[in-house]
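Notes follow once the structure below has been shown.
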Amino acid sequence: MSATVVVGTQWGDEGKGKFTDLIAAEMSMVVRYQGGHNAGHTLVVDGETFALQLIPSGILNPHAIPLIANGVVVDPKVLIAEIDMLESRGVSTEKLQVSSNAHLILPYHQELDALHERFLGDNKIGTTQRGIGPAYADRSMRVGLRVQDLLDEEIFRNKLNSVLEYHNKVLTKVFNQLPLDGEVIAEEYLKIYAPRLIPHIVDSVSVIHDELEKGENILLEGAQATFLDLDHGTYPFVTSSNPIAGGACVGAGIGPRDIERIVGIAKAYLTRVGAGPFPTELFDETGDHLVDVGNEYGTNTGRRRRPGWIDTVMLRYAARINSLTELAITKLDVLDELQEIKVCVAYDIEGKRYEQLPSNQSLLHKAVPIYKTFPSWGCDISAAASRSDLPKEAENYLSFIEEKVGVPIGMVGVGPGREQVLHFGD
């Protein structure tokens, strides 16, 4: 009947996977609509931890159909490894579907990703070097290979040889690297990966719309987050696709009128991985505390995340860009032991107060946060079962965020477990 979008409102790592898993209980299908295996989702279910990269978080709900849509770039090796991991742990992937129009990541994409980062030196973007950007670049240049090409060996080889001729020239003449062997790549993808993936390949647009026309509800899950969006993020320190809610329409092949609910996930503090501006970043013991207690290390890369206070200037922008209908706040419990908590309400930039995100990137680099300070609650909230169980200080903190952002909070996470979520609408 309608679609729900789950989108990150910060720089990623907000805990989207956990809330996607929760909301998926109400859905017949969970659709991943963009990104690649550069974004990890960590789920804790019945004490077991699952780290996912490509497969939608809804895979842990056996009644939901997990679908990787056309907007995703797929590394077959990674996807098959993830399938095998889940199957070995008793999670069925039989229902998994992959769009025939999704693009493939190939070995030269990964080579070029690493070389570009090395070439940029101090100006590097901080990519995961997994080939995501070059794969999207090939898609835009209309030379990419798609999942459906695995179904036709002749077409796959012809397309591969054509694009590899160009990329090998770049590898050899620009970066002084050895050329890649197209026959080796073709054998790997056609003989090893294709037989495993072909049973999962579908016409994703038809499948999604069939569900909607049957009156079913579907969930659209983005990777990364608003401020990593190619158009609306802190460019150039962004991803290569559009994680925002509007990107779900393109990445899944549905229209805006099909979307009814847009849930913005925000951490109770803020983190960022890689380079780029970060006005509320902390370099002190409080920042170390957030990293240690929140286990702020990348699911895929293991990189330490940069910590900071929550920023309502950013959240207001995210609410506008995504047309959020509600917020879901994660990791509120990480703030339990702090003496005080700060919320950024505006920026001071060269003596001028900014309550909206400056459109000029140079100004954002100069932004000094203006804070409102709250006392912490100083107690363990992980056993809270409802909003009324929260200490007054925690309630005041959340109410202030609602007021500043202008979007109601629908859910709050008070621990890593699936059951440690407060539903504010109840």
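By convention here, the chains of the structure tokens are called A, B, ... in the order presented, each chain's residues are numbered starting at 1, and ligands are numbered starting at 1 in the order presented.
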
Excluding Leu151 in chain A and any residue of its chain fewer than 6 positions from it, enumerate the residues within 12 Å of it, using only C-alpha atoms, and give them as a short mmCIF file (atom, residue, chain, number, x, y, z; two decimals) with all heavy atoms, in the first residue's frame.
data_model
loop_
_atom_site.label_atom_id
_atom_site.label_comp_id
_atom_site.auth_asym_id
_atom_site.auth_seq_id
_atom_site.Cartn_x
_atom_site.Cartn_y
_atom_site.Cartn_z
N SER A 100 18.21 -6.81 -11.77
CA SER A 100 19.00 -7.04 -12.98
C SER A 100 19.69 -5.76 -13.45
O SER A 100 20.67 -5.81 -14.19
CB SER A 100 18.09 -7.58 -14.09
OG SER A 100 17.06 -6.64 -14.40
N ASN A 101 19.19 -4.60 -13.02
CA ASN A 101 19.75 -3.32 -13.45
C ASN A 101 20.80 -2.76 -12.50
O ASN A 101 21.36 -1.68 -12.75
CB ASN A 101 18.64 -2.29 -13.62
CG ASN A 101 17.82 -2.52 -14.88
OD1 ASN A 101 18.26 -3.22 -15.79
ND2 ASN A 101 16.64 -1.95 -14.93
N LEU A 145 29.03 -2.40 -16.41
CA LEU A 145 28.41 -3.72 -16.57
C LEU A 145 27.38 -3.90 -15.48
O LEU A 145 27.61 -3.52 -14.32
CB LEU A 145 29.45 -4.83 -16.50
CG LEU A 145 30.22 -5.12 -17.80
CD1 LEU A 145 31.26 -4.05 -18.06
CD2 LEU A 145 30.87 -6.50 -17.74
N ARG A 157 31.41 -10.46 -22.01
CA ARG A 157 32.79 -10.38 -22.51
C ARG A 157 32.98 -9.17 -23.42
O ARG A 157 34.01 -8.48 -23.33
CB ARG A 157 33.16 -11.67 -23.24
CG ARG A 157 33.31 -12.87 -22.32
CD ARG A 157 33.69 -14.12 -23.10
NE ARG A 157 33.80 -15.28 -22.24
CZ ARG A 157 34.88 -15.62 -21.55
NH1 ARG A 157 35.97 -14.85 -21.64
NH2 ARG A 157 34.89 -16.70 -20.79
N TYR A 189 33.98 -13.98 -12.99
CA TYR A 189 32.61 -13.48 -12.87
C TYR A 189 31.59 -14.43 -13.50
O TYR A 189 30.50 -14.62 -12.95
CB TYR A 189 32.50 -12.08 -13.47
CG TYR A 189 32.94 -10.99 -12.50
CD1 TYR A 189 34.28 -10.89 -12.10
CD2 TYR A 189 32.04 -10.09 -11.97
CE1 TYR A 189 34.69 -9.92 -11.21
CE2 TYR A 189 32.44 -9.11 -11.08
CZ TYR A 189 33.77 -9.04 -10.69
OH TYR A 189 34.18 -8.07 -9.79
N LEU A 190 31.94 -15.03 -14.64
CA LEU A 190 30.98 -15.87 -15.35
C LEU A 190 30.93 -17.30 -14.83
O LEU A 190 29.86 -17.93 -14.83
CB LEU A 190 31.32 -15.88 -16.85
CG LEU A 190 31.11 -14.56 -17.58
CD1 LEU A 190 31.71 -14.63 -18.98
CD2 LEU A 190 29.63 -14.21 -17.66
N LYS A 191 32.06 -17.81 -14.38
CA LYS A 191 32.10 -19.22 -13.96
C LYS A 191 31.93 -19.40 -12.45
O LYS A 191 31.43 -20.44 -12.01
CB LYS A 191 33.43 -19.85 -14.40
CG LYS A 191 33.73 -19.72 -15.89
CD LYS A 191 32.61 -20.27 -16.77
CE LYS A 191 32.97 -20.15 -18.25
NZ LYS A 191 31.83 -20.55 -19.12
N TYR A 193 30.95 -16.52 -10.03
CA TYR A 193 29.92 -15.69 -9.42
C TYR A 193 28.54 -15.86 -10.06
O TYR A 193 27.52 -15.92 -9.37
CB TYR A 193 30.32 -14.22 -9.47
CG TYR A 193 31.64 -13.91 -8.81
CD1 TYR A 193 32.46 -12.88 -9.28
CD2 TYR A 193 32.08 -14.64 -7.71
CE1 TYR A 193 33.67 -12.59 -8.68
CE2 TYR A 193 33.28 -14.37 -7.10
CZ TYR A 193 34.09 -13.34 -7.60
OH TYR A 193 35.28 -13.06 -7.00
N ALA A 194 28.51 -15.91 -11.38
CA ALA A 194 27.21 -15.96 -12.07
C ALA A 194 26.33 -17.13 -11.61
O ALA A 194 25.13 -16.92 -11.33
CB ALA A 194 27.41 -16.01 -13.58
N PRO A 195 26.85 -18.36 -11.52
CA PRO A 195 25.97 -19.47 -11.10
C PRO A 195 25.35 -19.25 -9.72
O PRO A 195 24.23 -19.72 -9.46
CB PRO A 195 26.91 -20.68 -11.11
CG PRO A 195 28.00 -20.31 -12.07
CD PRO A 195 28.20 -18.84 -11.88
N ARG A 196 26.06 -18.56 -8.84
CA ARG A 196 25.54 -18.31 -7.50
C ARG A 196 24.49 -17.21 -7.48
O ARG A 196 23.56 -17.23 -6.66
CB ARG A 196 26.69 -17.92 -6.55
CG ARG A 196 27.71 -19.01 -6.30
CD ARG A 196 27.16 -20.13 -5.42
NE ARG A 196 26.56 -19.66 -4.18
CZ ARG A 196 27.26 -19.39 -3.07
NH1 ARG A 196 28.59 -19.56 -3.06
NH2 ARG A 196 26.64 -18.98 -1.99
N LEU A 197 24.64 -16.23 -8.36
CA LEU A 197 23.75 -15.06 -8.31
C LEU A 197 22.54 -15.14 -9.22
O LEU A 197 21.51 -14.53 -8.95
CB LEU A 197 24.56 -13.79 -8.64
CG LEU A 197 25.65 -13.41 -7.65
CD1 LEU A 197 26.29 -12.09 -8.05
CD2 LEU A 197 25.11 -13.32 -6.23
N ILE A 198 22.66 -15.89 -10.31
CA ILE A 198 21.56 -15.94 -11.28
C ILE A 198 20.21 -16.32 -10.65
O ILE A 198 19.18 -15.73 -11.00
CB ILE A 198 21.93 -16.87 -12.46
CG1 ILE A 198 22.94 -16.14 -13.38
CG2 ILE A 198 20.71 -17.29 -13.24
CD1 ILE A 198 23.50 -16.99 -14.49
N PRO A 199 20.16 -17.26 -9.71
CA PRO A 199 18.85 -17.59 -9.12
C PRO A 199 18.19 -16.43 -8.37
O PRO A 199 16.98 -16.46 -8.12
CB PRO A 199 19.18 -18.74 -8.14
CG PRO A 199 20.44 -19.33 -8.68
CD PRO A 199 21.22 -18.18 -9.24
N HIS A 200 18.98 -15.40 -8.04
CA HIS A 200 18.45 -14.28 -7.27
C HIS A 200 18.10 -13.07 -8.14
O HIS A 200 17.53 -12.09 -7.64
CB HIS A 200 19.48 -13.83 -6.22
CG HIS A 200 19.83 -14.89 -5.22
ND1 HIS A 200 19.02 -15.22 -4.15
CD2 HIS A 200 20.93 -15.70 -5.12
CE1 HIS A 200 19.59 -16.17 -3.44
NE2 HIS A 200 20.75 -16.49 -4.00
N ILE A 201 18.43 -13.10 -9.43
CA ILE A 201 18.25 -11.93 -10.29
C ILE A 201 16.78 -11.77 -10.69
O ILE A 201 16.14 -12.72 -11.14
CB ILE A 201 19.14 -12.04 -11.55
CG1 ILE A 201 20.62 -12.09 -11.15
CG2 ILE A 201 18.89 -10.86 -12.49
CD1 ILE A 201 21.56 -12.33 -12.32
N VAL A 202 16.26 -10.54 -10.53
CA VAL A 202 14.85 -10.27 -10.84
C VAL A 202 14.71 -8.91 -11.53
O VAL A 202 15.61 -8.08 -11.51
CB VAL A 202 13.97 -10.27 -9.57
CG1 VAL A 202 13.99 -11.62 -8.88
CG2 VAL A 202 14.42 -9.16 -8.61
#

Query raised in the report: How would you write, as a PyMOL selection string, the set of residues in range 172-262 of chain A that DSSP gives as helix (DSSP H, G or I)?
Result: chain A and resi 172-174+182-200+204-213+226-228+245-252+256-258

**Report entry** Long-range neighbours of Leu290 in chain A as a ChimeraX atom specification, 9 Å cut-off, only C-alpha atoms, 3 positions minimum in chain
**Finding:** /A:269,285-287,293-296,307-308,334-335

Report task. Find the residue from A:Lys173, A:Arg142, A:Lys392, A:Arg89 that sits nearest to Trp377 in chain A; use only C-alpha atoms when measuring. Result ->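 Smallest separation from Trp377 in chain A among the options: A:Lys392.
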
Report task. May I have the residues within 12 Å of Ala135 in chain A as a VMD selection string, using only C-alpha atoms and disregarding those fewer than 2 positions away in the same chain? Result -> chain A and resid 35 to 37 71 to 75 102 to 113 129 to 133 137 to 146 163 167 239 to 241

Take the residues from that selection and put them in a file with C-alpha atoms, as a short mmCIF file (atom, residue, chain, number, x, y, z; two decimals), in the first residue's frame.
data_model
loop_
_atom_site.label_atom_id
_atom_site.label_comp_id
_atom_site.auth_asym_id
_atom_site.auth_seq_id
_atom_site.Cartn_x
_atom_site.Cartn_y
_atom_site.Cartn_z
CA GLY A 35 25.38 2.48 -2.17
CA GLY A 36 27.66 -0.51 -2.09
CA HIS A 37 29.62 -2.55 0.42
CA GLY A 71 20.60 1.93 -7.49
CA VAL A 72 23.12 -0.32 -5.72
CA VAL A 73 26.59 -1.21 -7.02
CA VAL A 74 27.30 -4.87 -6.28
CA ASP A 75 30.59 -6.63 -5.69
CA ALA A 102 22.15 -2.99 -10.50
CA HIS A 103 25.72 -2.29 -11.60
CA LEU A 104 28.68 -4.56 -10.93
CA ILE A 105 31.90 -3.61 -9.20
CA LEU A 106 34.87 -5.09 -11.07
CA PRO A 107 38.55 -5.43 -10.13
CA TYR A 108 39.62 -2.32 -12.05
CA HIS A 109 37.20 -0.22 -10.01
CA GLN A 110 39.00 -1.18 -6.83
CA GLU A 111 42.42 -0.61 -8.39
CA LEU A 112 41.44 2.85 -9.58
CA ASP A 113 39.81 3.76 -6.27
CA GLN A 129 38.81 2.07 -1.60
CA ARG A 130 36.29 -0.63 -2.47
CA GLY A 131 35.56 0.55 -5.98
CA ILE A 132 32.25 2.27 -5.26
CA GLY A 133 33.06 5.66 -6.81
CA ALA A 137 31.49 6.80 -12.58
CA ASP A 138 31.33 4.02 -15.19
CA ARG A 139 27.56 3.97 -14.78
CA SER A 140 27.40 7.71 -15.52
CA MET A 141 29.74 7.29 -18.48
CA ARG A 142 27.43 4.49 -19.72
CA VAL A 143 30.18 1.90 -19.86
CA GLY A 144 29.25 -0.04 -16.72
CA LEU A 145 28.41 -3.72 -16.57
CA ARG A 146 25.14 -4.64 -14.90
CA VAL A 163 35.72 -0.81 -21.06
CA HIS A 167 40.84 1.46 -18.00
CA THR A 239 29.74 9.18 -1.24
CA SER A 240 29.05 8.60 -4.94
CA SER A 241 25.27 8.22 -4.78
#

Requested in this report: Do a neighbour search on Gln356 in chain A at 9 Å with only C-alpha atoms, toss out local chain neighbours closer than 3 positions, and write the hits as a PyMOL selection string.
Outcome: chain A and resi 313-314+316-317+346-347+359

Please produce an output containing all heavy atoms for each residue in the selection, written as a CSV table (one decimal), in the first residue's frame.
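Written file, again20.csv:
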chain,number,residue,atom,x,y,z
A,313,VAL,N,21.6,22.1,13.8
A,313,VAL,CA,21.7,22.9,12.5
A,313,VAL,C,21.7,21.9,11.4
A,313,VAL,O,20.9,22.0,10.4
A,313,VAL,CB,22.9,23.8,12.4
A,313,VAL,CG1,22.9,24.5,11.1
A,313,VAL,CG2,23.0,24.8,13.6
A,314,MET,N,22.5,20.8,11.5
A,314,MET,CA,22.5,19.8,10.5
A,314,MET,C,21.2,19.0,10.5
A,314,MET,O,20.7,18.7,9.4
A,314,MET,CB,23.6,18.8,10.8
A,314,MET,CG,25.1,19.3,10.6
A,314,MET,SD,26.3,18.0,11.1
A,314,MET,CE,25.9,16.7,10.0
A,316,ARG,N,18.2,20.0,11.2
A,316,ARG,CA,17.1,20.8,10.6
A,316,ARG,C,17.2,20.7,9.1
A,316,ARG,O,16.3,20.6,8.3
A,316,ARG,CB,17.2,22.2,11.0
A,316,ARG,CG,16.6,22.5,12.4
A,316,ARG,CD,16.3,23.9,12.7
A,316,ARG,NE,17.5,24.8,12.6
A,316,ARG,CZ,18.3,25.0,13.6
A,316,ARG,NH1,18.1,24.5,14.8
A,316,ARG,NH2,19.4,25.8,13.4
A,317,TYR,N,18.5,20.8,8.6
A,317,TYR,CA,18.7,20.7,7.1
A,317,TYR,C,18.3,19.3,6.6
A,317,TYR,O,17.6,19.2,5.6
A,317,TYR,CB,20.2,20.9,6.9
A,317,TYR,CG,20.6,20.9,5.4
A,317,TYR,CD1,20.5,22.0,4.6
A,317,TYR,CD2,21.1,19.7,4.8
A,317,TYR,CE1,20.9,22.0,3.3
A,317,TYR,CE2,21.5,19.7,3.5
A,317,TYR,CZ,21.4,20.8,2.7
A,317,TYR,OH,21.8,20.8,1.4
A,346,ALA,N,23.5,26.6,16.8
A,346,ALA,CA,23.8,27.6,15.7
A,346,ALA,C,25.4,27.6,15.6
A,346,ALA,O,26.1,27.0,16.3
A,346,ALA,CB,23.3,29.0,16.1
A,347,TYR,N,25.8,28.3,14.5
A,347,TYR,CA,27.3,28.5,14.3
A,347,TYR,C,27.6,30.0,14.4
A,347,TYR,O,26.8,30.8,14.0
A,347,TYR,CB,27.7,28.0,12.9
A,347,TYR,CG,27.3,26.6,12.6
A,347,TYR,CD1,26.9,26.2,11.3
A,347,TYR,CD2,27.5,25.5,13.5
A,347,TYR,CE1,26.6,24.9,10.9
A,347,TYR,CE2,27.2,24.2,13.2
A,347,TYR,CZ,26.7,23.9,11.9
A,347,TYR,OH,26.4,22.6,11.5
A,359,SER,N,25.6,27.5,2.8
A,359,SER,CA,25.7,26.8,1.5
A,359,SER,C,27.2,26.9,1.0
A,359,SER,O,27.5,26.1,0.1
A,359,SER,CB,24.8,27.5,0.5
A,359,SER,OG,25.1,28.8,0.3

Query raised in the report: Got a sec: who's within 9 Å of Leu22 in chain A, counting only C-alpha atoms, leaving out chain neighbours fewer than 3 positions off, as a PyMOL selection string?
Result: chain A and resi 17-19+25-26+58+61+418-419

Expected file contents, prior selection, N, CA and C atoms, as a compact mmCIF listing (two decimals), in the first residue's frame:
# COMPACT_ATOMS: atom_id res chain seq x y z
N GLY A 17 20.65 0.18 10.58
CA GLY A 17 20.37 -1.24 10.43
C GLY A 17 19.44 -1.77 11.50
N LYS A 18 19.67 -1.34 12.73
CA LYS A 18 18.83 -1.81 13.85
C LYS A 18 17.38 -1.37 13.66
N PHE A 19 17.17 -0.12 13.28
CA PHE A 19 15.80 0.37 13.14
C PHE A 19 15.15 -0.16 11.87
N ALA A 25 9.63 -5.67 10.53
CA ALA A 25 8.65 -6.62 11.06
C ALA A 25 7.25 -6.32 10.55
N GLU A 26 7.02 -5.08 10.10
CA GLU A 26 5.70 -4.67 9.61
C GLU A 26 5.63 -4.73 8.08
N GLY A 58 16.66 -6.18 6.71
CA GLY A 58 15.45 -6.97 6.91
C GLY A 58 15.62 -8.45 6.69
N ASN A 61 14.34 -10.85 9.30
CA ASN A 61 12.91 -11.11 9.47
C ASN A 61 12.49 -12.08 8.37
N ARG A 418 17.90 -5.54 19.92
CA ARG A 418 16.69 -5.26 19.16
C ARG A 418 15.56 -4.80 20.07
N GLU A 419 15.51 -5.35 21.29
CA GLU A 419 14.42 -5.03 22.21
C GLU A 419 14.66 -3.73 22.98

Requested in this report: Go through A:Glu350, A:Cys379, A:Arg320, A:Val414 and flag the residue nearest Asp333 in chain A, using only C-alpha atoms for the distances.
Outcome: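 Comparing A:Glu350, A:Cys379, A:Arg320, A:Val414 against Asp333 in chain A, the winner is A:Val414.
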
Query raised in the report: So how far away is CA of Leu164 in chain A from CA of Leu178 in chain A, in Å?
Result: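 One can read the CA of Leu178 in chain A to CA of Leu164 in chain A distance as 12.5 Å.
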
Report task. Excluding Gly15 in chain A and any residue of its chain fewer than 4 positions from it, enumerate the residues within 10 Å of it, using only C-alpha atoms, and give them as a list in words. Result ->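 The residues that qualify are Gly8, Phe19, Thr20, Gly40, His41, Thr42, Leu43, Ile265, Ala266, Lys267, Ala328, Ile329, Thr330, Lys331, Gly413 and Pro416 of chain A.
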
Query raised in the report: What is the distance, in Å and to one decimal place, between CA of Val170 in chain A and CA of Phe119 in chain A?
Result: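 Computing it gives 13.0 Å between the two atoms.
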
Requested in this report: Write out as number ranges by chain all residues of range 217-367 of chain A that backbone DSSP assigns to strand (DSSP E).
Outcome: A: 218-221, 259-267, 270-272, 306-308, 310-311, 326-330, 340-349, 352-354

Report summary line: The residue from A:Asp336, A:Asp380, A:Glu326, A:Asp149 with the smallest atom-to-atom distance to Gly410 in chain A, counting only C-alpha atoms, is A:Glu326

Report task. In Å, rounded to a single decimal, give me how far CA of Leu54 in chain A is from CA of Ile310 in chain A. Result ->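 Between these atoms lies a distance of 27.8 Å.
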
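Distance check against Pro243 in chain A using only C-alpha atoms: of A:Pro256, A:Thr4, A:Leu228, A:Val78, the minimum falls on A:Leu228.
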
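Considering the residues A:Phe175, A:Phe374, A:Phe283, A:Phe227 and counting only C-alpha atoms, Leu338 in chain A has its shortest atom-to-atom contact with A:Phe374.
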